[in-house]
Protein chains: 2
Amino acid sequence: MTAAYYAAVDWGTTSFRLWIIAEDGTVLAERRSGEGMTTAAKTGFPAVLEAHLAAVAAPAHLPVIICGMAGAKQGWVEAGYLDTPAALSTIAAGAVAVPDVDRDIRILPGLAQRDLQHPDVMRGEETQLLGAAGNLGDGRHLVCMPGTHSKWVRLEGGKVTGFSTFMTGELFDVISKHSILSHSVADAQVFSGEHPAFLAAVAAACANPALATNLMFGVRAGQLLHGATATDAKATLSGTLIGLEIAGALAAAGAVDSVCLVASGSLGALYRAALASLDLSPRIVDADEAVRAGLSTAAQAIWPL
Amino acid sequence: MTAAYYAAVDWGTTSFRLWIIAEDGTVLAERRSGEGMTTAAKTGFPAVLEAHLAAVAAPAHLPVIICGMAGAKQGWVEAGYLDTPAALSTIAAGAVAVPDVDRDIRILPGLAQRDLQHPDVMRGEETQLLGAAGNLGDGRHLVCMPGTHSKWVRLEGGKVTGFSTFMTGELFDVISKHSILSHSVADAQVFSGEHPAFLAAVAAACANPALATNLMFGVRAGQLLHGATATDAKATLSGTLIGLEIAGALAAAGAVDSVCLVASGSLGALYRAALASLDLSPRIVDADEAVRAGLSTAAQAIWPL
């Protein structure tokens, strides 16, 4: 068995993931939990981390590389932001060492776009990007990282030239739970990216983004007048928000050589279907693999073998 | 003192308003309360109505004309919909009589647009429209009625040819309360339609509607990076949603001869400022007067003197 080299942690707002990585890159152990920043800010970041390290019997002095919200102002230790344009190769050098602990623990910085008209920030996605960029080569790439706050990044020659965040996932959640549409989607079943109502909504919102909130109300009216199902309603709401996002992201990006989708699971499948329906054929990179690859790239730069 | 002719009631989801109207059109008494459909569905519609009539000592057999959600499926007596294209002059004839009561009580129908691509409904606004239309004359008019669910109506020769609902007010509310932006807007003060952040957001969203949810995230990023105030944040969120709505409404309407704004109070002032900033000079009709005028027009058709 190869020796443990470092622990890699993706510490989000509501999720914690840890991998023990060997010198040859093998994943020796993995932990996942809901102890994200929100929980850890109460129970203590060191306690959460050490409990997971102990659970996989990690060596006492194994170094730890962390990305994500643990580096936010309200996180463990603030890791600041690199300003765009930012070369991905400079992320590792921007890592902040956690003081007063018995291990070497580093938290990676986020990215900030300080443009007065288009201020934007990311934290965690820069590490996914660092991992995904290895597959992309030269040229102008547009990288989509869907989620609560979807990020669309313009990447050119290993440098982030700009990015745009869309509140798609969060809006889907709050509209589904707290608006009049909560009644419409309450009994919805799981739907796929091939669902006709989803694809119709993607097309409608992308063609007429200004009608986005009108298309949403149409979900309710469609149920009253035409007896549309709850699953149709949910698929339409999802497709409307994703179509709106794609229209905006493409408009903001201008000409690109390729589109890359960094995503996992059912959300990745929805975006893949939406992009395909618009005649975009993105390269697909698994989001879990991307964040691990990004953490590994940074760890190797900080602690070279 | 002139004799009472009828009582007019605007019964919304969360509000109840009643006026006692004399034969010469004078308002003899007025009542306002929060006993909208949601409350009355629990306490009983007849009890709420009779209590308000008793409070103003209305005659025992005074007839009552009602518009709004009291006619919804989940209201008092379902009053159905008139289908578009619908002549406003036919609204009174579509009124439904409330059975098993000691007065003549009629509830006006809503309007439905049964278009499969753009299904839409309204209930209550058709009566405002009936009242406002008296001022508009011939030609193609676009009538904006802002609110929780803003309605934009295409009116041509006294006939509603189509309409579009935008979820602007409700989205502003749920995003302000339940999304990450709740932190950004929590300490905001009241702002006017002349607030620079409001007008900048109207312009940005109207010019680039596809970027709407990106502009919203910029509210949060602007606070993190540039120290924008909570009032700036709230004004930006409001301007983004209103700018998006106006862009969509204008796109959906095509060429029109005039734009008319039927609104009251601070919301009316915001829309007036937003429309003026886009070089639109709407005719202004007070929403309270419009609904009373519409109820009066219907009452006179049903119970001619």
# chains A, B, ... in the order shown; residues from 1 in each chain; ligands from 1
>>> closest_atom_pairs(of="range 75-163 of chain A", to="range 50-60 of chain A", cutoff="12 Å", atoms="only C-alpha atoms", output="JSON lines")
{"residue": "A:Val101", "atom": "CA", "partner": "A:Glu50", "partner_atom": "CA", "distance": 10.7}
{"residue": "A:Asp102", "atom": "CA", "partner": "A:Ala60", "partner_atom": "CA", "distance": 8.3}
{"residue": "A:Arg103", "atom": "CA", "partner": "A:Ala60", "partner_atom": "CA", "distance": 7.6}
{"residue": "A:Asp104", "atom": "CA", "partner": "A:Ala60", "partner_atom": "CA", "distance": 10.5}
{"residue": "A:Ile105", "atom": "CA", "partner": "A:Glu50", "partner_atom": "CA", "distance": 11.4}
>>> interface_residues(of="chain B", to="chain A", cutoff="6 Å", atoms="only C-alpha atoms", output="list in words")
Pro119, Asp120, Thr165, Phe166, Met167, Pro209, Ala210, Leu211, Thr213, Asn214, Gly218, Ala221, Gly222, Leu244, Ala247 and Gly248 of chain B
>>> write_last_selection(atoms="N, CA and C atoms", output="PDB file, in the first residue's frame")
ATOM      1  N   PRO B 119     -50.688  30.259 -21.884  1.00  0.00           N
ATOM      2  CA  PRO B 119     -51.888  30.242 -21.052  1.00  0.00           C
ATOM      3  C   PRO B 119     -51.768  31.334 -19.989  1.00  0.00           C
ATOM      4  N   ASP B 120     -52.875  32.015 -19.711  1.00  0.00           N
ATOM      5  CA  ASP B 120     -52.806  33.082 -18.714  1.00  0.00           C
ATOM      6  C   ASP B 120     -54.197  33.330 -18.151  1.00  0.00           C
ATOM      7  N   THR B 165     -48.921  37.860 -17.836  1.00  0.00           N
ATOM      8  CA  THR B 165     -48.670  38.046 -16.402  1.00  0.00           C
ATOM      9  C   THR B 165     -47.191  37.830 -16.113  1.00  0.00           C
ATOM     10  N   PHE B 166     -46.621  38.683 -15.286  1.00  0.00           N
ATOM     11  CA  PHE B 166     -45.230  38.551 -14.849  1.00  0.00           C
ATOM     12  C   PHE B 166     -45.228  38.447 -13.324  1.00  0.00           C
ATOM     13  N   MET B 167     -44.425  37.526 -12.788  1.00  0.00           N
ATOM     14  CA  MET B 167     -44.463  37.254 -11.342  1.00  0.00           C
ATOM     15  C   MET B 167     -43.594  38.222 -10.536  1.00  0.00           C
ATOM     16  N   PRO B 209     -32.088  41.240 -20.762  1.00  0.00           N
ATOM     17  CA  PRO B 209     -32.972  40.446 -19.902  1.00  0.00           C
ATOM     18  C   PRO B 209     -32.422  39.061 -19.578  1.00  0.00           C
ATOM     19  N   ALA B 210     -31.634  38.506 -20.484  1.00  0.00           N
ATOM     20  CA  ALA B 210     -31.096  37.160 -20.235  1.00  0.00           C
ATOM     21  C   ALA B 210     -30.168  37.143 -19.028  1.00  0.00           C
ATOM     22  N   LEU B 211     -29.647  38.315 -18.653  1.00  0.00           N
ATOM     23  CA  LEU B 211     -28.728  38.374 -17.512  1.00  0.00           C
ATOM     24  C   LEU B 211     -29.443  38.632 -16.180  1.00  0.00           C
ATOM     25  N   THR B 213     -30.833  36.912 -13.710  1.00  0.00           N
ATOM     26  CA  THR B 213     -30.451  36.262 -12.440  1.00  0.00           C
ATOM     27  C   THR B 213     -28.972  36.489 -12.141  1.00  0.00           C
ATOM     28  N   ASN B 214     -28.199  36.844 -13.174  1.00  0.00           N
ATOM     29  CA  ASN B 214     -26.807  37.260 -12.964  1.00  0.00           C
ATOM     30  C   ASN B 214     -26.752  38.639 -12.308  1.00  0.00           C
ATOM     31  N   GLY B 218     -25.224  39.794  -8.679  1.00  0.00           N
ATOM     32  CA  GLY B 218     -24.349  40.967  -8.583  1.00  0.00           C
ATOM     33  C   GLY B 218     -24.680  41.849  -7.393  1.00  0.00           C
ATOM     34  N   ALA B 221     -22.596  40.158  -4.763  1.00  0.00           N
ATOM     35  CA  ALA B 221     -21.172  40.361  -5.044  1.00  0.00           C
ATOM     36  C   ALA B 221     -20.798  41.832  -4.880  1.00  0.00           C
ATOM     37  N   GLY B 222     -21.707  42.729  -5.251  1.00  0.00           N
ATOM     38  CA  GLY B 222     -21.441  44.166  -5.112  1.00  0.00           C
ATOM     39  C   GLY B 222     -21.263  44.566  -3.665  1.00  0.00           C
ATOM     40  N   LEU B 244     -36.846  43.642 -16.245  1.00  0.00           N
ATOM     41  CA  LEU B 244     -37.095  42.374 -16.945  1.00  0.00           C
ATOM     42  C   LEU B 244     -38.546  42.311 -17.404  1.00  0.00           C
ATOM     43  N   ALA B 247     -39.235  44.752 -20.332  1.00  0.00           N
ATOM     44  CA  ALA B 247     -38.667  44.231 -21.584  1.00  0.00           C
ATOM     45  C   ALA B 247     -39.560  43.142 -22.168  1.00  0.00           C
ATOM     46  N   GLY B 248     -40.032  42.261 -21.310  1.00  0.00           N
ATOM     47  CA  GLY B 248     -40.880  41.168 -21.770  1.00  0.00           C
ATOM     48  C   GLY B 248     -42.233  41.646 -22.261  1.00  0.00           C
TER      49      GLY B 248
END
>>> select_by_dssp(residues="range 32-95 of chain B", states="helix (DSSP H, G or I)", output="count of residues only")
27
>>> residues_around(residues="Ala230 in chain B", least_positions_apart="5", cutoff="12 Å", atoms="only C-alpha atoms", output="JSON, numbers by chain")
{"B": [176, 181, 182, 183, 184, 185, 186, 187, 188, 189, 190, 191, 197, 219, 220, 222, 223, 224, 235, 236, 237]}
>>> atom_distance(atom1="CA of Gly36 in chain B", atom2="CA of Trp11 in chain B")
6.0 Å
>>> residues_around(residues="Val9 in chain A", least_positions_apart="4", cutoff="6 Å", atoms="only C-alpha atoms", output="count of residues only")
3
>>> select_by_dssp(residues="range 140-184 of chain A", states="strand (DSSP E or B)", output="list in words")
Arg140, His141, Leu142, Val143, Cys144, Met145, Ser150, Lys151, Trp152, Val153, Arg154, Leu155, Glu156, Lys159, Val160, Thr161, Gly162, Phe163, Ser164, Thr165 and Phe166 of chain A
>>> atom_distance(atom1="CA of Ala233 in chain A", atom2="CA of Leu155 in chain B")
29.2 Å
>>> residues_around(residues="range 275-283 of chain A", least_positions_apart="2", cutoff="8 Å", atoms="only C-alpha atoms", output="short mmCIF file (atom, residue, chain, number, x, y, z; two decimals) with all heavy atoms, in the first residue's frame")
data_model
loop_
_atom_site.label_atom_id
_atom_site.label_comp_id
_atom_site.auth_asym_id
_atom_site.auth_seq_id
_atom_site.Cartn_x
_atom_site.Cartn_y
_atom_site.Cartn_z
N LEU A 199 -37.74 20.53 -22.13
CA LEU A 199 -37.07 21.00 -23.35
C LEU A 199 -37.82 22.16 -23.99
O LEU A 199 -37.21 23.10 -24.51
CB LEU A 199 -36.89 19.84 -24.34
CG LEU A 199 -35.88 18.78 -23.86
CD1 LEU A 199 -35.86 17.60 -24.83
CD2 LEU A 199 -34.48 19.37 -23.70
N ALA A 203 -36.21 25.95 -24.56
CA ALA A 203 -36.26 26.64 -25.87
C ALA A 203 -36.97 27.98 -25.75
O ALA A 203 -36.51 28.99 -26.29
CB ALA A 203 -36.96 25.74 -26.89
N ILE A 246 -28.73 29.89 -19.74
CA ILE A 246 -27.89 29.61 -20.91
C ILE A 246 -27.90 30.79 -21.87
O ILE A 246 -26.85 31.19 -22.41
CB ILE A 246 -28.36 28.30 -21.61
CG1 ILE A 246 -28.11 27.11 -20.69
CG2 ILE A 246 -27.64 28.12 -22.94
CD1 ILE A 246 -28.68 25.79 -21.20
N SER A 258 -14.95 26.42 -27.44
CA SER A 258 -15.63 25.22 -26.94
C SER A 258 -16.42 25.56 -25.69
O SER A 258 -16.14 26.53 -25.01
CB SER A 258 -14.61 24.12 -26.59
OG SER A 258 -14.10 24.31 -25.28
N VAL A 259 -17.41 24.72 -25.44
CA VAL A 259 -18.18 24.81 -24.19
C VAL A 259 -17.90 23.53 -23.41
O VAL A 259 -17.89 22.43 -23.98
CB VAL A 259 -19.69 24.96 -24.48
CG1 VAL A 259 -20.50 24.92 -23.18
CG2 VAL A 259 -19.97 26.24 -25.24
N CYS A 260 -17.66 23.69 -22.11
CA CYS A 260 -17.36 22.55 -21.25
C CYS A 260 -18.33 22.55 -20.09
O CYS A 260 -18.60 23.60 -19.50
CB CYS A 260 -15.92 22.68 -20.75
SG CYS A 260 -15.45 21.40 -19.55
N LEU A 261 -18.88 21.40 -19.79
CA LEU A 261 -19.83 21.28 -18.68
C LEU A 261 -19.17 20.48 -17.56
O LEU A 261 -18.80 19.32 -17.76
CB LEU A 261 -21.10 20.57 -19.16
CG LEU A 261 -22.16 20.23 -18.10
CD1 LEU A 261 -22.72 21.49 -17.45
CD2 LEU A 261 -23.29 19.40 -18.74
N TYR A 271 -28.52 19.69 -17.59
CA TYR A 271 -27.79 20.70 -18.35
C TYR A 271 -27.29 20.13 -19.67
O TYR A 271 -27.31 20.81 -20.69
CB TYR A 271 -26.62 21.26 -17.51
CG TYR A 271 -27.03 22.44 -16.65
CD1 TYR A 271 -27.75 22.24 -15.48
CD2 TYR A 271 -26.74 23.76 -17.02
CE1 TYR A 271 -28.16 23.30 -14.69
CE2 TYR A 271 -27.14 24.84 -16.23
CZ TYR A 271 -27.85 24.60 -15.07
OH TYR A 271 -28.26 25.67 -14.30
N ARG A 272 -26.84 18.90 -19.63
CA ARG A 272 -26.37 18.25 -20.85
C ARG A 272 -27.48 18.20 -21.90
O ARG A 272 -27.29 18.53 -23.07
CB ARG A 272 -25.90 16.84 -20.50
CG ARG A 272 -25.17 16.13 -21.59
CD ARG A 272 -24.61 14.83 -21.01
NE ARG A 272 -23.76 14.15 -21.96
CZ ARG A 272 -22.88 13.24 -21.62
NH1 ARG A 272 -22.72 12.90 -20.35
NH2 ARG A 272 -22.13 12.66 -22.54
N ALA A 273 -28.68 17.81 -21.45
CA ALA A 273 -29.83 17.73 -22.37
C ALA A 273 -30.22 19.13 -22.86
O ALA A 273 -30.53 19.32 -24.05
CB ALA A 273 -31.02 17.07 -21.66
N VAL A 285 -17.03 17.10 -18.04
CA VAL A 285 -16.06 16.75 -17.01
C VAL A 285 -16.85 16.49 -15.72
O VAL A 285 -17.71 17.29 -15.36
CB VAL A 285 -15.05 17.89 -16.78
CG1 VAL A 285 -14.11 17.56 -15.62
CG2 VAL A 285 -14.26 18.16 -18.06
#
>>> closest_residue(among="A:Leu88, A:Met37, A:Ala70, A:Ala133", to="Thr14 in chain A", atoms="only C-alpha atoms")
A:Met37
